[in-house]
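Below is one structure, written out as structure tokens; comments come after it.
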Amino acid sequence: MKILLILALLVGVVAVVGGQQQQRNQQQRTTPSTTSSSKKGQDEEPRFLALPDAVKCSRRPKEFFYDGHWYFYSGNVTKYRNAEVDWLEARNACREYCMDTVSIETEEENNIIFDLVRDNRLKYIWSSGRLCDFKGCGDREDLQPISVNGWFWSGSGTKMAPTNVKPKNWTYQPWSFTGNNKRPQPDNAELDINGTPESCLAVLNNVYKDGLHWHDVACYHPKAFVCEDSEELLRYARATNPNLPI
């Protein structure tokens with residue numbers, strides 16, 4: 001199954017609430033695009049996706065390893081130990097280290113993340129999950145309906161399985177069966193409350209008495225996060241800093 005070309009280039013170019021610019025080469029793919037993660041109706045200066053810092057990439061935290069990638073949980077890094085940030089800021093914090101917020105693409109990886117959330121007694125964490133609800137998405141028949149077929153991992157550019165079925169080769173449904181409106185996730189509940197779409201994916205820990213599950217959440221909410229190696233950002237940093245071991 002092919003994802004949009006715009007998504008295939010996407011390691012860091014998805015807008016949190018609004019539009020997206022397609023990037024056409026390696027430099028553009030790692031150059032930030034303007035974005036906003038404010039609640040609807042609140043004015044905010046445009047924000048940008050961060051470029052990697054080569055030195056930070058070479059010294060990036062390496063807490064645990066899975067399937068060729070290093071990961072770390074923000075609460076175990078001094079700089080972010082007591083920090084909770086919105087979805088975009090979480091991505092930027094990871095991107096400085098040639099990483100991105102976690103893309104949970106297998107059941108085994110999901111179990112690792114669920115165990116981390118449970119073991120650290122967290123209420124929630126951000127992932128790189130994003131809804132394709134910006135310019136260009138509505139024209140794609142293969143993404144309709146968007147709420148079912150329009151979710152993808154912005155960290156890897158990989159499209160998710162439809163939200164109304166178990167992902168292929170999974171033994172359970174990671175999306176929750178309930179939420180604020182007592183409907184299966186994703187339900188875009190906050191749109192009815194204050195007009196803000198729930199366009200980002202967080203792992204929630206029993207917030208709705210539902211155990212550990214995925215939920216769609218408005219992107220401005222502050223949360224801890226998990227970072228995962230970004231192959232594209234690592235390639236970029238290595239190509240532009242050939243004498244630095246990354």
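If you're wondering about the labels, chains in the structure tokens are A, B, ... by order shown, residues count from 1 in each chain, ligands from 1 in order shown.
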Report task. Determine which residues of range 71-166 of chain A receive a DSSP assignment of alpha helix (DSSP H), computed from the backbone, and state them as a list of chain:residue names. Result ->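 Put together, the selection reads A:Trp87, A:Leu88, A:Glu89, A:Ala90, A:Arg91, A:Asn92, A:Ala93, A:Cys94, A:Arg95, A:Glu107, A:Glu108, A:Glu109, A:Asn110, A:Asn111, A:Ile112, A:Ile113, A:Phe114, A:Asp115, A:Leu116, A:Val117, A:Arg118, A:Asp119, A:Ile146, A:Ser147, A:Val148, A:Asn149.
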Requested in this report: Would you mind telling me which residue in A:Lys135, A:Arg238, A:Arg91, A:Arg130 lies nearest to Ala218 in chain A when using only C-alpha atoms?
Outcome: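 Using only C-alpha atoms, Ala218 in chain A sits closest to A:Arg130.
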**Report entry** Within 8 Å of Ala161 in chain A using only C-alpha atoms, minus same-chain residues under 6 positions, as an MDAnalysis selection string
**Finding:** chainID A and resid 149 151 167:168
Query raised in the report: Counting only C-alpha atoms, which of A:Pro186, A:Pro61, A:Gly211, A:Pro245 gets nearest to Thr78 in chain A?
Result: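 Distance minimum relative to Thr78 in chain A lands on A:Pro61.
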Report task. Output as a list in words all residues of range 164-209 of chain A that backbone DSSP marks as strand (DSSP E or B). Result -> Trp175, Cys200, Leu201, Ala202, Val203, Leu204 and Asn205 of chain A
File dump, residues just selected, N, CA and C atoms, as a compact mmCIF listing (two decimals), in the first residue's frame:
```txt
# COMPACT_ATOMS: atom_id res chain seq x y z
N TRP A 175 -5.89 0.71 19.27
CA TRP A 175 -6.78 1.85 19.50
C TRP A 175 -7.79 1.50 20.61
N CYS A 200 -3.40 14.22 16.59
CA CYS A 200 -2.16 13.58 16.99
C CYS A 200 -2.45 12.35 17.85
N LEU A 201 -1.51 11.41 17.85
CA LEU A 201 -1.72 10.13 18.54
C LEU A 201 -0.86 10.06 19.79
N ALA A 202 -1.54 9.79 20.92
CA ALA A 202 -0.85 9.59 22.19
C ALA A 202 -1.21 8.21 22.74
N VAL A 203 -0.28 7.64 23.50
CA VAL A 203 -0.57 6.45 24.28
C VAL A 203 -1.06 6.91 25.65
N LEU A 204 -2.27 6.51 26.01
CA LEU A 204 -2.86 6.87 27.30
C LEU A 204 -2.95 5.65 28.19
N ASN A 205 -2.68 5.88 29.48
CA ASN A 205 -2.65 4.80 30.46
C ASN A 205 -3.87 4.88 31.37
```
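Take CA of Arg118 in chain A and CA of Asn76 in chain A: the distance between them is 14.6 Å.
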**Report entry** Nearby residues (only C-alpha atoms) at most 7 Å from Ser230 in chain A, same-chain spacing under 5 positions excluded, as a list in words
**Finding:**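 Near neighbours after the sequence-gap exclusion: Cys98, Met99, Asp100 and Gly155 of chain A.
Pairwise distance (CA of Thr101 in chain A, CA of Phe152 in chain A) equals 12.7 Å.
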Requested in this report: May I ask which of the residues A:Ala50, A:Cys132, A:Ala237, A:Ile112 is the closest one to Cys94 in chain A, counting only C-alpha atoms?
Outcome: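 Comparing A:Ala50, A:Cys132, A:Ala237, A:Ile112 against Cys94 in chain A, the winner is A:Ala50.
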**Report entry** Between CA of Ser154 in chain A and CA of Gly68 in chain A - distance in Å to one decimal
**Finding:**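 Pair CA of Gly68 in chain A / CA of Ser154 in chain A returns 18.4 Å.
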All residues 8 Å or closer to Val85 in chain A, only C-alpha atoms, same chain fewer than 5 positions away omitted, as a compact mmCIF listing (two decimals) with N, CA, C and O atoms, in the first residue's frame:
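To be explicit, this is the file written out as part_37.txt:
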```
# COMPACT_ATOMS: atom_id res chain seq x y z
N ALA A 90 7.72 17.99 21.18
CA ALA A 90 8.28 16.66 21.42
C ALA A 90 9.07 16.19 20.20
O ALA A 90 10.18 15.67 20.33
N HIS A 221 -1.79 19.59 23.65
CA HIS A 221 -1.70 19.09 25.03
C HIS A 221 -0.25 18.73 25.39
O HIS A 221 0.46 18.14 24.58
N PRO A 222 0.19 19.04 26.60
CA PRO A 222 1.56 18.70 27.02
C PRO A 222 1.66 17.26 27.52
O PRO A 222 0.82 16.80 28.28
N LYS A 223 2.73 16.58 27.06
CA LYS A 223 2.96 15.20 27.48
C LYS A 223 4.46 14.90 27.44
O LYS A 223 5.22 15.58 26.75
N ALA A 224 4.85 13.85 28.14
CA ALA A 224 6.20 13.29 27.98
C ALA A 224 6.25 12.58 26.63
O ALA A 224 5.23 12.47 25.92
```
Report task. Please provide as an MDAnalysis selection string all residues within 8 Å of Asp210 in chain A, with the sequence filter that same-chain residues fewer than 2 positions apart are discarded (counting only C-alpha atoms). Result -> chainID A and resid 176:178 205:208 212:213
Include N, CA, C and O atoms and write out the residues we just selected as an mmCIF file, in the first residue's frame.
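Once everything was written out, this is again_30.cif:
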```
data_model
loop_
_atom_site.group_PDB
_atom_site.id
_atom_site.type_symbol
_atom_site.label_atom_id
_atom_site.label_comp_id
_atom_site.auth_asym_id
_atom_site.auth_seq_id
_atom_site.Cartn_x
_atom_site.Cartn_y
_atom_site.Cartn_z
ATOM 1 N N SER A 176 -8.070 2.461 21.449
ATOM 2 C CA SER A 176 -8.986 2.208 22.554
ATOM 3 C C SER A 176 -10.423 2.010 22.072
ATOM 4 O O SER A 176 -10.832 2.538 21.036
ATOM 5 N N PHE A 177 -11.172 1.296 22.878
ATOM 6 C CA PHE A 177 -12.589 1.065 22.598
ATOM 7 C C PHE A 177 -13.465 2.178 23.149
ATOM 8 O O PHE A 177 -14.687 2.169 22.966
ATOM 9 N N THR A 178 -12.856 3.151 23.833
ATOM 10 C CA THR A 178 -13.644 4.221 24.441
ATOM 11 C C THR A 178 -12.815 5.492 24.560
ATOM 12 O O THR A 178 -11.614 5.504 24.284
ATOM 13 N N ASN A 205 -2.684 5.882 29.476
ATOM 14 C CA ASN A 205 -2.654 4.802 30.459
ATOM 15 C C ASN A 205 -3.873 4.880 31.366
ATOM 16 O O ASN A 205 -3.881 5.596 32.364
ATOM 17 N N ASN A 206 -4.920 4.191 30.979
ATOM 18 C CA ASN A 206 -6.115 4.025 31.798
ATOM 19 C C ASN A 206 -6.830 5.337 32.105
ATOM 20 O O ASN A 206 -7.563 5.440 33.103
ATOM 21 N N VAL A 207 -6.640 6.337 31.276
ATOM 22 C CA VAL A 207 -7.294 7.636 31.504
ATOM 23 C C VAL A 207 -8.808 7.492 31.466
ATOM 24 O O VAL A 207 -9.535 8.152 32.220
ATOM 25 N N TYR A 208 -9.294 6.609 30.607
ATOM 26 C CA TYR A 208 -10.742 6.388 30.486
ATOM 27 C C TYR A 208 -11.124 4.999 31.000
ATOM 28 O O TYR A 208 -12.079 4.398 30.519
ATOM 29 N N LEU A 212 -4.107 0.469 28.792
ATOM 30 C CA LEU A 212 -3.165 1.144 27.894
ATOM 31 C C LEU A 212 -3.662 1.031 26.459
ATOM 32 O O LEU A 212 -3.839 -0.082 25.942
ATOM 33 N N HIS A 213 -3.871 2.171 25.813
ATOM 34 C CA HIS A 213 -4.365 2.177 24.439
ATOM 35 C C HIS A 213 -3.934 3.451 23.729
ATOM 36 O O HIS A 213 -3.519 4.421 24.346
#
```
Residue neighbourhood Val217 in chain A, 12 Å, only C-alpha atoms, exclusion window fewer than 2 positions, as a PDB file with C-alpha atoms, in the first residue's frame:
```
ATOM      1  CA  VAL A  16       0.375  20.101  13.595  1.00  0.00           C
ATOM      2  CA  VAL A  17      -2.863  21.904  12.823  1.00  0.00           C
ATOM      3  CA  SER A  37       0.042  23.618  17.599  1.00  0.00           C
ATOM      4  CA  LYS A  39      -5.742  25.521  20.433  1.00  0.00           C
ATOM      5  CA  ASP A  86       3.097  19.577  22.967  1.00  0.00           C
ATOM      6  CA  TRP A  87       3.334  17.213  19.991  1.00  0.00           C
ATOM      7  CA  TYR A 124       0.435   9.324  28.686  1.00  0.00           C
ATOM      8  CA  ILE A 125       3.168   9.896  26.113  1.00  0.00           C
ATOM      9  CA  TRP A 126       3.338  11.342  22.625  1.00  0.00           C
ATOM     10  CA  SER A 127       4.082   9.234  19.582  1.00  0.00           C
ATOM     11  CA  SER A 128       4.757  10.495  16.040  1.00  0.00           C
ATOM     12  CA  GLY A 129       1.255   9.427  14.963  1.00  0.00           C
ATOM     13  CA  ARG A 130      -0.536  12.069  12.898  1.00  0.00           C
ATOM     14  CA  LEU A 131      -3.801  12.406  11.016  1.00  0.00           C
ATOM     15  CA  GLY A 179     -12.785   7.851  25.141  1.00  0.00           C
ATOM     16  CA  ASN A 180     -14.297  11.177  26.159  1.00  0.00           C
ATOM     17  CA  GLN A 185     -10.912   5.744  19.085  1.00  0.00           C
ATOM     18  CA  PRO A 186     -10.172   7.826  17.139  1.00  0.00           C
ATOM     19  CA  ASP A 187     -13.276   9.942  17.841  1.00  0.00           C
ATOM     20  CA  ASN A 188     -12.124  13.572  17.398  1.00  0.00           C
ATOM     21  CA  ALA A 189     -13.965  14.416  20.603  1.00  0.00           C
ATOM     22  CA  GLU A 190     -12.345  17.782  21.308  1.00  0.00           C
ATOM     23  CA  LEU A 191     -13.617  19.192  18.033  1.00  0.00           C
ATOM     24  CA  THR A 196      -9.833  21.813  18.047  1.00  0.00           C
ATOM     25  CA  PRO A 197      -9.271  18.634  16.002  1.00  0.00           C
ATOM     26  CA  GLU A 198      -7.656  15.624  17.633  1.00  0.00           C
ATOM     27  CA  SER A 199      -4.988  15.155  14.971  1.00  0.00           C
ATOM     28  CA  CYS A 200      -2.155  13.579  16.992  1.00  0.00           C
ATOM     29  CA  LEU A 201      -1.721  10.129  18.536  1.00  0.00           C
ATOM     30  CA  ALA A 202      -0.852   9.586  22.191  1.00  0.00           C
ATOM     31  CA  VAL A 203      -0.570   6.445  24.282  1.00  0.00           C
ATOM     32  CA  LEU A 204      -2.864   6.874  27.299  1.00  0.00           C
ATOM     33  CA  TRP A 214      -3.877   4.614  21.573  1.00  0.00           C
ATOM     34  CA  HIS A 215      -6.017   7.746  21.538  1.00  0.00           C
ATOM     35  CA  CYS A 219      -1.797  18.329  19.424  1.00  0.00           C
ATOM     36  CA  TYR A 220      -1.404  21.224  21.879  1.00  0.00           C
ATOM     37  CA  HIS A 221      -1.695  19.093  25.030  1.00  0.00           C
ATOM     38  CA  PRO A 222       1.560  18.702  27.016  1.00  0.00           C
ATOM     39  CA  LYS A 223       2.962  15.201  27.475  1.00  0.00           C
TER      40      LYS A 223
END
```
